[in-house]
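Next up, coords.txt (compact mmCIF, C-alpha atoms):
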# COMPACT_ATOMS: atom_id res chain seq x y z
CA MET A 1 -36.11 -12.53 6.22
CA ARG A 2 -38.18 -13.69 9.18
CA GLU A 3 -37.65 -17.37 9.84
CA VAL A 4 -40.34 -19.91 10.64
CA PHE A 5 -39.35 -23.39 11.76
CA VAL A 6 -40.65 -26.82 10.88
CA GLU A 7 -42.37 -28.52 13.80
CA PRO A 8 -43.78 -32.02 14.21
CA LEU A 9 -47.46 -32.47 13.42
CA THR A 10 -49.42 -33.20 16.59
CA ALA A 11 -53.17 -33.48 16.99
CA GLU A 12 -53.20 -30.88 19.75
CA ALA A 13 -51.25 -28.25 17.85
CA PHE A 14 -53.14 -28.91 14.63
CA ALA A 15 -56.65 -29.00 16.11
CA PRO A 16 -57.51 -25.35 15.30
CA PHE A 17 -56.61 -25.93 11.66
CA GLY A 18 -57.91 -29.39 10.86
CA ASP A 19 -57.74 -33.13 11.26
CA ILE A 20 -54.87 -35.59 11.12
CA LEU A 21 -55.87 -38.68 9.11
CA GLU A 22 -53.96 -41.69 10.35
CA ALA A 23 -54.29 -45.33 11.35
CA LYS A 24 -53.16 -44.88 14.92
CA GLY A 25 -53.98 -47.01 17.93
CA ALA A 26 -56.87 -49.46 17.83
CA ALA A 27 -59.12 -49.47 14.79
CA ASP A 28 -62.74 -48.40 15.26
CA VAL A 29 -63.86 -51.66 13.70
CA MET A 30 -62.16 -54.71 12.26
CA ILE A 31 -63.50 -55.79 8.87
CA ASN A 32 -62.67 -58.37 6.21
CA GLN A 33 -62.62 -61.29 8.63
CA GLY A 34 -60.22 -59.47 10.92
CA ARG A 35 -57.71 -58.74 8.19
CA CYS A 36 -58.34 -55.00 7.99
CA GLY A 37 -58.87 -52.18 10.49
CA ARG A 38 -61.22 -49.31 9.71
CA PHE A 39 -60.35 -45.97 11.30
CA HIS A 40 -63.71 -44.38 10.79
CA ASN A 41 -64.71 -40.96 9.53
CA GLN A 42 -61.63 -38.99 10.48
CA ALA A 43 -62.24 -35.72 8.65
CA GLN A 44 -64.57 -32.83 9.42
CA LEU A 45 -65.80 -32.32 5.87
CA SER A 46 -67.82 -29.20 5.12
CA PHE A 47 -69.01 -28.02 1.72
CA VAL A 48 -71.19 -24.94 1.21
CA ASP A 49 -73.46 -25.15 -1.81
CA GLY A 50 -71.47 -27.93 -3.45
CA ALA A 51 -70.39 -31.50 -2.90
CA ALA A 52 -67.28 -33.51 -2.16
CA GLY A 53 -65.12 -34.65 -5.06
CA ILE A 54 -61.82 -36.44 -5.44
CA SER A 55 -59.06 -34.84 -7.51
CA LEU A 56 -55.40 -35.72 -7.86
CA PHE A 57 -52.62 -33.19 -7.37
CA GLN A 58 -49.22 -33.81 -8.91
CA SER A 59 -46.75 -31.34 -7.43
CA GLU A 60 -43.10 -30.51 -7.75
CA THR A 61 -41.17 -31.19 -4.57
CA CYS A 62 -39.78 -28.50 -2.27
CA ALA A 63 -36.40 -28.36 -0.58
CA LEU A 64 -35.74 -26.55 2.69
CA PRO A 65 -35.09 -23.73 3.23
CA PHE A 66 -37.50 -21.85 0.98
CA ALA A 67 -39.30 -18.52 0.93
CA LEU A 68 -43.00 -18.52 1.80
CA GLU A 69 -44.73 -15.67 0.03
CA LEU A 70 -48.30 -16.82 -0.32
CA VAL A 71 -51.09 -18.43 1.64
CA GLU A 72 -54.65 -19.05 0.52
CA ARG A 73 -57.99 -20.18 1.90
CA HIS A 74 -61.19 -21.71 0.62
CA PRO A 75 -64.23 -20.07 2.21
CA LEU A 76 -66.68 -22.61 0.78
CA GLY A 77 -65.12 -25.93 1.68
CA SER A 78 -62.75 -28.11 3.63
CA GLN A 79 -59.81 -29.62 1.79
CA ALA A 80 -58.15 -32.94 2.58
CA PHE A 81 -54.74 -34.04 1.32
CA ILE A 82 -53.95 -37.74 1.10
CA PRO A 83 -50.36 -38.55 0.11
CA MET A 84 -50.21 -41.41 -2.40
CA SER A 85 -46.68 -42.30 -1.35
CA PHE A 86 -45.50 -43.30 2.12
CA ASP A 87 -43.65 -40.03 2.72
CA PRO A 88 -43.83 -37.02 5.03
CA PHE A 89 -44.84 -33.63 3.65
CA LEU A 90 -45.13 -30.12 5.01
CA VAL A 91 -48.43 -28.59 6.07
CA ILE A 92 -48.35 -24.79 6.19
CA VAL A 93 -51.21 -23.08 8.03
CA ALA A 94 -51.90 -19.77 9.74
CA GLU A 95 -54.48 -18.40 12.15
CA ASP A 96 -56.82 -15.75 10.88
CA HIS A 97 -56.60 -12.31 12.46
CA GLU A 98 -59.59 -10.30 11.23
CA GLY A 99 -59.22 -11.45 7.67
CA VAL A 100 -55.44 -11.48 7.59
CA PRO A 101 -53.22 -14.53 8.19
CA GLY A 102 -50.98 -14.48 11.25
CA CYS A 103 -47.52 -15.96 11.46
CA PRO A 104 -47.45 -19.28 9.59
CA ARG A 105 -46.97 -22.61 11.32
CA ILE A 106 -45.05 -25.29 9.44
CA PHE A 107 -45.97 -28.85 10.38
CA GLU A 108 -44.20 -31.93 9.09
CA THR A 109 -46.29 -35.07 8.82
CA GLN A 110 -45.07 -38.59 9.38
CA ALA A 111 -45.24 -41.18 6.61
CA GLY A 112 -48.78 -42.59 6.55
CA GLN A 113 -50.52 -39.41 7.67
CA GLY A 114 -52.91 -37.30 5.64
CA ILE A 115 -54.59 -34.10 6.77
CA ASN A 116 -57.88 -32.29 6.34
CA LEU A 117 -58.00 -28.51 6.48
CA LEU A 118 -61.13 -27.05 8.00
CA ARG A 119 -63.17 -24.77 5.79
CA GLY A 120 -61.63 -21.31 5.54
CA VAL A 121 -58.25 -22.08 7.13
CA TRP A 122 -55.29 -20.14 5.72
CA HIS A 123 -52.77 -22.55 4.27
CA GLY A 124 -49.75 -22.71 2.03
CA VAL A 125 -49.70 -24.50 -1.28
CA LEU A 126 -48.98 -28.22 -1.38
CA THR A 127 -45.44 -28.81 -0.16
CA PRO A 128 -44.17 -32.35 -0.69
CA LEU A 129 -40.58 -32.98 0.35
CA TYR A 130 -40.21 -36.19 -1.63
CA ALA A 131 -41.12 -37.42 -5.11
CA PRO A 132 -43.52 -38.37 -6.61
CA GLY A 133 -45.44 -35.52 -4.94
CA LEU A 134 -48.75 -37.19 -5.74
CA PHE A 135 -51.82 -36.54 -3.56
CA ALA A 136 -55.51 -37.26 -3.62
CA VAL A 137 -57.46 -34.16 -2.63
CA ILE A 138 -61.00 -34.29 -1.31
CA ASP A 139 -62.50 -30.85 -1.64
CA ARG A 140 -65.52 -28.95 -2.82
CA ILE A 141 -66.78 -29.31 -6.37
CA GLY A 142 -69.10 -26.45 -7.19
CA GLU A 143 -69.57 -23.03 -8.70
CA GLY A 144 -68.53 -19.72 -7.19
CA ASN A 145 -65.26 -18.21 -6.04
CA ASN A 146 -63.73 -20.52 -3.47
CA LEU A 147 -60.21 -19.10 -3.46
CA GLU A 148 -58.78 -16.19 -1.50
CA GLU A 149 -55.05 -15.51 -1.69
CA TYR A 150 -52.83 -13.48 0.60
CA TRP A 151 -49.33 -12.40 -0.36
CA PHE A 152 -47.08 -11.57 2.59
CA GLU A 153 -45.51 -8.15 2.32
CA HIS A 154 -42.37 -9.68 3.78
CA PRO A 155 -41.91 -13.35 2.88
CA TYR A 156 -40.99 -15.87 5.55
CA GLN A 157 -38.01 -18.16 5.36
CA VAL A 158 -39.14 -21.75 6.09
CA THR A 159 -36.31 -23.73 7.59
CA ARG A 160 -35.39 -26.43 10.08
CA ARG A 161 -34.20 -25.40 13.52
CA SER A 162 -30.49 -26.20 13.80
CA ARG A 163 -30.00 -29.11 16.16
CA MET B 164 -60.87 -74.80 -8.01
CA ARG B 165 -61.81 -72.44 -10.85
CA GLU B 166 -59.00 -70.07 -11.65
CA VAL B 167 -59.33 -66.35 -12.33
CA PHE B 168 -56.35 -64.43 -13.60
CA VAL B 169 -54.93 -61.04 -12.73
CA GLU B 170 -55.27 -58.54 -15.58
CA PRO B 171 -53.98 -54.98 -15.97
CA LEU B 172 -56.33 -52.19 -14.91
CA THR B 173 -57.51 -50.23 -17.94
CA ALA B 174 -60.12 -47.51 -18.06
CA GLU B 175 -62.10 -49.32 -20.74
CA ALA B 176 -62.28 -52.64 -18.92
CA PHE B 177 -62.99 -50.98 -15.58
CA ALA B 178 -65.63 -48.49 -16.79
CA PRO B 179 -68.65 -50.65 -15.83
CA PHE B 180 -67.33 -50.92 -12.29
CA GLY B 181 -65.91 -47.51 -11.50
CA ASP B 182 -63.28 -44.85 -12.00
CA ILE B 183 -59.51 -44.96 -12.16
CA LEU B 184 -58.02 -42.08 -10.18
CA GLU B 185 -54.69 -41.09 -11.63
CA ALA B 186 -52.54 -38.14 -12.71
CA LYS B 187 -52.29 -39.14 -16.33
CA GLY B 188 -51.68 -36.92 -19.35
CA ALA B 189 -52.17 -33.18 -19.10
CA ALA B 190 -53.58 -31.73 -15.90
CA ASP B 191 -57.00 -30.08 -16.06
CA VAL B 192 -55.52 -26.97 -14.52
CA MET B 193 -52.11 -25.88 -13.30
CA ILE B 194 -52.11 -24.28 -9.84
CA ASN B 195 -49.57 -23.02 -7.33
CA GLN B 196 -47.75 -20.82 -9.83
CA GLY B 197 -47.37 -23.71 -12.25
CA ARG B 198 -45.81 -26.03 -9.69
CA CYS B 199 -48.79 -28.38 -9.34
CA GLY B 200 -51.25 -30.02 -11.71
CA ARG B 201 -54.85 -30.58 -10.67
CA PHE B 202 -56.58 -33.61 -12.22
CA HIS B 203 -60.07 -32.54 -11.43
CA ASN B 204 -63.03 -34.42 -9.99
CA GLN B 205 -62.15 -37.92 -11.10
CA ALA B 206 -64.66 -39.99 -9.14
CA GLN B 207 -68.38 -40.52 -9.65
CA LEU B 208 -69.35 -40.18 -6.00
CA SER B 209 -72.89 -41.13 -5.02
CA PHE B 210 -74.30 -41.31 -1.51
CA VAL B 211 -77.93 -42.13 -0.75
CA ASP B 212 -79.24 -40.53 2.43
CA GLY B 213 -75.78 -39.87 3.83
CA ALA B 214 -72.62 -37.94 3.10
CA ALA B 215 -69.03 -38.53 2.07
CA GLY B 216 -66.48 -39.23 4.76
CA ILE B 217 -62.80 -40.14 4.86
CA SER B 218 -61.70 -43.24 6.74
CA LEU B 219 -58.39 -45.06 6.80
CA PHE B 220 -58.08 -48.79 6.18
CA GLN B 221 -55.04 -50.66 7.44
CA SER B 222 -54.98 -54.11 5.86
CA GLU B 223 -52.85 -57.17 5.92
CA THR B 224 -51.21 -57.90 2.59
CA CYS B 225 -52.17 -60.75 0.26
CA ALA B 226 -49.91 -63.09 -1.68
CA LEU B 227 -50.88 -64.78 -4.93
CA PRO B 228 -52.33 -67.28 -5.44
CA PHE B 229 -55.22 -67.10 -2.96
CA ALA B 230 -58.77 -68.36 -2.68
CA LEU B 231 -61.56 -65.84 -3.27
CA GLU B 232 -64.62 -66.84 -1.28
CA LEU B 233 -66.45 -63.59 -0.71
CA VAL B 234 -67.56 -60.46 -2.49
CA GLU B 235 -69.67 -57.64 -1.14
CA ARG B 236 -71.48 -54.52 -2.29
CA HIS B 237 -72.72 -51.27 -0.82
CA PRO B 238 -76.17 -50.39 -2.12
CA LEU B 239 -76.14 -46.92 -0.59
CA GLY B 240 -72.85 -45.48 -1.71
CA SER B 241 -69.77 -45.41 -3.89
CA GLN B 242 -66.46 -46.32 -2.32
CA ALA B 243 -63.06 -44.96 -3.32
CA PHE B 244 -59.72 -46.48 -2.35
CA ILE B 245 -56.63 -44.28 -2.32
CA PRO B 246 -53.38 -46.14 -1.61
CA MET B 247 -51.16 -44.19 0.80
CA SER B 248 -48.03 -45.87 -0.52
CA PHE B 249 -46.75 -45.85 -4.10
CA ASP B 250 -47.63 -49.48 -4.75
CA PRO B 251 -49.96 -51.52 -6.96
CA PHE B 252 -52.88 -53.39 -5.41
CA LEU B 253 -55.57 -55.74 -6.64
CA VAL B 254 -59.11 -54.63 -7.40
CA ILE B 255 -61.61 -57.48 -7.43
CA VAL B 256 -65.00 -56.77 -9.00
CA ALA B 257 -67.86 -58.70 -10.54
CA GLU B 258 -70.86 -57.90 -12.72
CA ASP B 259 -74.28 -58.32 -11.20
CA HIS B 260 -76.55 -60.98 -12.68
CA GLU B 261 -80.00 -60.48 -11.19
CA GLY B 262 -78.70 -59.98 -7.68
CA VAL B 263 -75.87 -62.52 -7.87
CA PRO B 264 -72.25 -61.73 -8.74
CA GLY B 265 -70.86 -63.17 -11.95
CA CYS B 266 -67.33 -64.42 -12.48
CA PRO B 267 -64.92 -62.07 -10.71
CA ARG B 268 -62.45 -59.88 -12.57
CA ILE B 269 -59.09 -59.25 -10.93
CA PHE B 270 -57.44 -55.97 -11.90
CA GLU B 271 -53.97 -54.91 -10.83
CA THR B 272 -53.37 -51.18 -10.49
CA GLN B 273 -50.15 -49.39 -11.23
CA ALA B 274 -48.33 -47.44 -8.55
CA GLY B 275 -49.97 -44.03 -8.27
CA GLN B 276 -53.48 -45.18 -9.15
CA GLY B 277 -56.50 -45.20 -6.90
CA ILE B 278 -59.98 -46.40 -7.80
CA ASN B 279 -63.59 -45.51 -7.09
CA LEU B 280 -66.23 -48.24 -7.09
CA LEU B 281 -69.63 -47.15 -8.33
CA ARG B 282 -72.51 -47.53 -5.92
CA GLY B 283 -73.69 -51.13 -5.68
CA VAL B 284 -70.79 -52.78 -7.54
CA TRP B 285 -69.81 -56.25 -6.30
CA HIS B 286 -66.21 -56.22 -5.11
CA GLY B 287 -63.73 -58.19 -3.10
CA VAL B 288 -62.24 -56.99 0.14
CA LEU B 289 -59.20 -54.74 0.07
CA THR B 290 -56.28 -56.65 -1.42
CA PRO B 291 -52.93 -54.91 -1.09
CA LEU B 292 -49.94 -56.83 -2.41
CA TYR B 293 -47.36 -54.76 -0.55
CA ALA B 294 -46.94 -53.35 2.95
CA PRO B 295 -47.96 -51.07 4.58
CA GLY B 296 -51.42 -51.84 3.14
CA LEU B 297 -52.66 -48.40 4.14
CA PHE B 298 -55.51 -46.74 2.22
CA ALA B 299 -57.74 -43.73 2.54
CA VAL B 300 -61.34 -44.68 1.78
CA ILE B 301 -63.97 -42.16 0.73
CA ASP B 302 -67.35 -43.71 1.28
CA ARG B 303 -70.76 -43.10 2.72
CA ILE B 304 -71.19 -42.09 6.34
CA GLY B 305 -74.76 -42.67 7.42
CA GLU B 306 -77.29 -44.92 9.07
CA GLY B 307 -78.87 -48.03 7.58
CA ASN B 308 -77.56 -51.31 6.23
CA ASN B 309 -75.08 -50.56 3.49
CA LEU B 310 -73.44 -53.99 3.26
CA GLU B 311 -74.50 -57.03 1.30
CA GLU B 312 -72.21 -60.05 1.21
CA TYR B 313 -72.10 -62.98 -1.18
CA TRP B 314 -70.17 -66.17 -0.45
CA PHE B 315 -69.30 -68.20 -3.53
CA GLU B 316 -70.42 -71.81 -3.26
CA HIS B 317 -67.18 -72.74 -5.01
CA PRO B 318 -64.31 -70.36 -4.26
CA TYR B 319 -62.15 -69.05 -7.08
CA GLN B 320 -58.39 -69.35 -7.18
CA VAL B 321 -56.87 -65.93 -7.92
CA THR B 322 -53.56 -66.32 -9.68
CA ARG B 323 -51.27 -64.90 -12.32
CA ARG B 324 -51.33 -66.34 -15.79
CA SER B 325 -48.10 -68.23 -16.39
CA ARG B 326 -45.95 -66.36 -18.88
Kindly transcribe the structure held in the file into structure tokens.
Amino acid sequence: MREVFVEPLTAEAFAPFGDILEAKGAADVMINQGRCGRFHNQAQLSFVDGAAGISLFQSETCALPFALELVERHPLGSQAFIPMSFDPFLVIVAEDHEGVPGCPRIFETQAGQGINLLRGVWHGVLTPLYAPGLFAVIDRIGEGNNLEEYWFEHPYQVTRRSR
Amino acid sequence: MREVFVEPLTAEAFAPFGDILEAKGAADVMINQGRCGRFHNQAQLSFVDGAAGISLFQSETCALPFALELVERHPLGSQAFIPMSFDPFLVIVAEDHEGVPGCPRIFETQAGQGINLLRGVWHGVLTPLYAPGLFAVIDRIGEGNNLEEYWFEHPYQVTRRSR
């Protein structure tokens, strides 16, 4: 099975796929009498013929290595994942090559980071490494088919590079 | 100083103020080959002349008891708070009495719960009880004055009822 390796999530590497949501560096504005920093408007939200909504996802956890057989995309909206525990998780994405996903990239977040997938980006299903596997998801609420799936003819083996 | 007491967050008590966001009971739909439950569209989002955005708030923590001097409201949009750690936090709200906040209510969430404040609801500033005090906030991004503050002439003492 072809192997793909977990890599750290960096803004540069992730830029073609979406946004990293994190409280990094200086806040854009201090509020609440200086007690709270606001890191403003971090996600490129986009919803065709619908509106943003907040849903919760409760997922089983995943253990490395595992086989990656499926990616999906949402042509009508961006999709943000906010972990509701202070844990890393895996973000699986792939470039689009004329309607077909390329080789997947496997990013591992740091605790305290969320992500937003740009509209139409190929991505794997939610992949928490740690319980409780609970996420808030900000995505499109609306009618119409907003899901396209792609099953790899040959699954990938997702693993860590041996050190 | 007038005392107000922390009470558990329940859907019934909180209904006039907003939504509880939680993965409770049966999921609305199972996704990801049965590995993940989606609790769908839990927040009554409302944005006047603007759009939803995702910001991160990094707050200092609070210790009980404390003095509550200030509440605020956002006339142009709802505001959701998603804790990014698996910890309870306090949600301070108040009814509106002809433009003036009434006696504050102090709700304590359970780990794994977020909340959405309806548009225009009087509320206290973000009040995490535990570090890291990191939240994702889904609120209105747009121009115009969306903040109204009210300073209580006589602050309230927020405390726990002795057992």
Problem set entry | Distance criterion (all atoms listed in the file): nearest to chain A out of B:Leu227, B:Val211, B:Val284, B:Ile194 |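 Nearest to chain A: B:Ile194.
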For this session: Tell me, as a list in words, which residues lie within 12 Å of Asn41 of chain A, counting all atoms listed in the file; anything in the same chain fewer than 6 positions away does not count.
Result: Asp19, Ile20, Leu21, Glu22, Ala23, Ala27, Asp28, Val29 and Asn116 of chain A; Ala214, Ala215, Gly216, Ile217, Ser218, Leu219, Phe220, Ala299, Val300, Ile301, Asp302, Arg303, Ile304 and Gly305 of chain B
Exercise. Within 7 Å of (-61.1, -20.4, 11.6), in the coordinates the file gives, what residues turn up when you count all atoms listed in the file, written out as a ChimeraX atom specification?
Worked result: /A:95-96,120-121
Exercise. Neighbours of Arg268 of chain B within 8 Å (all atoms listed in the file; same-chain residues fewer than 3 positions away dropped), as a ChimeraX atom specification?
Worked result: /B:167-170,255-257
Exercise. What residues in chain B lie within 6 Å of chain A, counting all atoms listed in the file, written as a list in words?
Worked result: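 Only these qualify: Arg198, Cys199, Gly200, Arg201, Phe202, His203, Asn204, Gln205, Ala206, Gly216, Ile217, Ser218, Leu219, Phe220, Gln221, Ser222, Glu223, Pro246, Met247, Ser248 and Phe249 of chain B.
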For this session: Provide the atom CA of Ala63 of chain A to atom CA of Pro75 of chain A distance in Å, to one decimal place.
Result: 29.2 Å
Exercise. When distances are computed from all atoms listed in the file, which of A:Asp49, A:Glu108, A:Glu69, A:Glu98 shows the smallest separation from Gln157 of chain A?
Worked result: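 Nearest candidate to Gln157 of chain A out of A:Asp49, A:Glu108, A:Glu69, A:Glu98: A:Glu69.
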Problem set entry | Minimum-distance residue to Ala15 of chain A, chosen among A:Leu118, A:Ser162, A:Arg2, A:Thr109 (using only C-alpha atoms) |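 Closest candidate: A:Leu118.
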Problem set entry | Atom pair atom CA of Gly188 of chain B / atom CA of Phe89 of chain A: separation (Å) |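 Atom-to-atom, atom CA of Gly188 of chain B and atom CA of Phe89 of chain A are spaced 24.2 Å apart.
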Test item: write segment 166-182 of chain B with N, CA, C and O atoms as a PDB file, in the first residue's frame:
ATOM      1  N   GLU B 166     -25.761  39.500  45.844  1.00  0.00           N
ATOM      2  CA  GLU B 166     -25.171  38.254  45.358  1.00  0.00           C
ATOM      3  C   GLU B 166     -26.043  37.647  44.264  1.00  0.00           C
ATOM      4  O   GLU B 166     -27.275  37.680  44.340  1.00  0.00           O
ATOM      5  N   VAL B 167     -25.393  37.075  43.260  1.00  0.00           N
ATOM      6  CA  VAL B 167     -26.083  36.224  42.276  1.00  0.00           C
ATOM      7  C   VAL B 167     -25.333  34.899  42.235  1.00  0.00           C
ATOM      8  O   VAL B 167     -24.097  34.864  42.344  1.00  0.00           O
ATOM      9  N   PHE B 168     -26.097  33.830  42.086  1.00  0.00           N
ATOM     10  CA  PHE B 168     -25.531  32.503  42.278  1.00  0.00           C
ATOM     11  C   PHE B 168     -25.427  31.733  40.965  1.00  0.00           C
ATOM     12  O   PHE B 168     -26.301  31.833  40.098  1.00  0.00           O
ATOM     13  N   VAL B 169     -24.365  30.970  40.862  1.00  0.00           N
ATOM     14  CA  VAL B 169     -24.159  30.112  39.696  1.00  0.00           C
ATOM     15  C   VAL B 169     -25.216  29.014  39.688  1.00  0.00           C
ATOM     16  O   VAL B 169     -25.486  28.397  40.717  1.00  0.00           O
ATOM     17  N   GLU B 170     -25.823  28.791  38.514  1.00  0.00           N
ATOM     18  CA  GLU B 170     -26.809  27.729  38.359  1.00  0.00           C
ATOM     19  C   GLU B 170     -26.439  26.869  37.155  1.00  0.00           C
ATOM     20  O   GLU B 170     -25.734  27.321  36.259  1.00  0.00           O
ATOM     21  N   PRO B 171     -26.896  25.617  37.132  1.00  0.00           N
ATOM     22  CA  PRO B 171     -26.557  24.762  35.988  1.00  0.00           C
ATOM     23  C   PRO B 171     -27.227  25.272  34.719  1.00  0.00           C
ATOM     24  O   PRO B 171     -28.333  25.824  34.764  1.00  0.00           O
ATOM     25  N   LEU B 172     -26.560  25.081  33.602  1.00  0.00           N
ATOM     26  CA  LEU B 172     -27.125  25.472  32.308  1.00  0.00           C
ATOM     27  C   LEU B 172     -28.120  24.406  31.858  1.00  0.00           C
ATOM     28  O   LEU B 172     -27.748  23.254  31.672  1.00  0.00           O
ATOM     29  N   THR B 173     -29.365  24.804  31.690  1.00  0.00           N
ATOM     30  CA  THR B 173     -30.374  23.893  31.141  1.00  0.00           C
ATOM     31  C   THR B 173     -31.023  24.569  29.945  1.00  0.00           C
ATOM     32  O   THR B 173     -31.118  25.805  29.879  1.00  0.00           O
ATOM     33  N   ALA B 174     -31.469  23.744  29.012  1.00  0.00           N
ATOM     34  CA  ALA B 174     -32.063  24.280  27.783  1.00  0.00           C
ATOM     35  C   ALA B 174     -33.290  25.133  28.104  1.00  0.00           C
ATOM     36  O   ALA B 174     -33.500  26.184  27.487  1.00  0.00           O
ATOM     37  N   GLU B 175     -34.081  24.679  29.063  1.00  0.00           N
ATOM     38  CA  GLU B 175     -35.313  25.401  29.388  1.00  0.00           C
ATOM     39  C   GLU B 175     -35.005  26.788  29.958  1.00  0.00           C
ATOM     40  O   GLU B 175     -35.569  27.802  29.524  1.00  0.00           O
ATOM     41  N   ALA B 176     -34.079  26.821  30.926  1.00  0.00           N
ATOM     42  CA  ALA B 176     -33.767  28.113  31.543  1.00  0.00           C
ATOM     43  C   ALA B 176     -33.061  29.050  30.562  1.00  0.00           C
ATOM     44  O   ALA B 176     -33.215  30.267  30.623  1.00  0.00           O
ATOM     45  N   PHE B 177     -32.295  28.469  29.633  1.00  0.00           N
ATOM     46  CA  PHE B 177     -31.487  29.294  28.747  1.00  0.00           C
ATOM     47  C   PHE B 177     -32.230  29.719  27.475  1.00  0.00           C
ATOM     48  O   PHE B 177     -31.771  30.612  26.750  1.00  0.00           O
ATOM     49  N   ALA B 178     -33.380  29.086  27.213  1.00  0.00           N
ATOM     50  CA  ALA B 178     -34.078  29.321  25.942  1.00  0.00           C
ATOM     51  C   ALA B 178     -34.317  30.797  25.624  1.00  0.00           C
ATOM     52  O   ALA B 178     -34.184  31.215  24.462  1.00  0.00           O
ATOM     53  N   PRO B 179     -34.677  31.653  26.593  1.00  0.00           N
ATOM     54  CA  PRO B 179     -34.900  33.060  26.223  1.00  0.00           C
ATOM     55  C   PRO B 179     -33.630  33.787  25.777  1.00  0.00           C
ATOM     56  O   PRO B 179     -33.714  34.857  25.170  1.00  0.00           O
ATOM     57  N   PHE B 180     -32.479  33.205  26.097  1.00  0.00           N
ATOM     58  CA  PHE B 180     -31.217  33.892  25.841  1.00  0.00           C
ATOM     59  C   PHE B 180     -30.463  33.328  24.641  1.00  0.00           C
ATOM     60  O   PHE B 180     -29.696  34.044  23.998  1.00  0.00           O
ATOM     61  N   GLY B 181     -30.664  32.025  24.381  1.00  0.00           N
ATOM     62  CA  GLY B 181     -29.920  31.455  23.267  1.00  0.00           C
ATOM     63  C   GLY B 181     -29.980  29.954  23.215  1.00  0.00           C
ATOM     64  O   GLY B 181     -30.882  29.332  23.784  1.00  0.00           O
ATOM     65  N   ASP B 182     -29.005  29.377  22.531  1.00  0.00           N
ATOM     66  CA  ASP B 182     -28.961  27.943  22.249  1.00  0.00           C
ATOM     67  C   ASP B 182     -27.805  27.290  22.992  1.00  0.00           C
ATOM     68  O   ASP B 182     -26.720  27.869  23.115  1.00  0.00           O
TER      69      ASP B 182
END
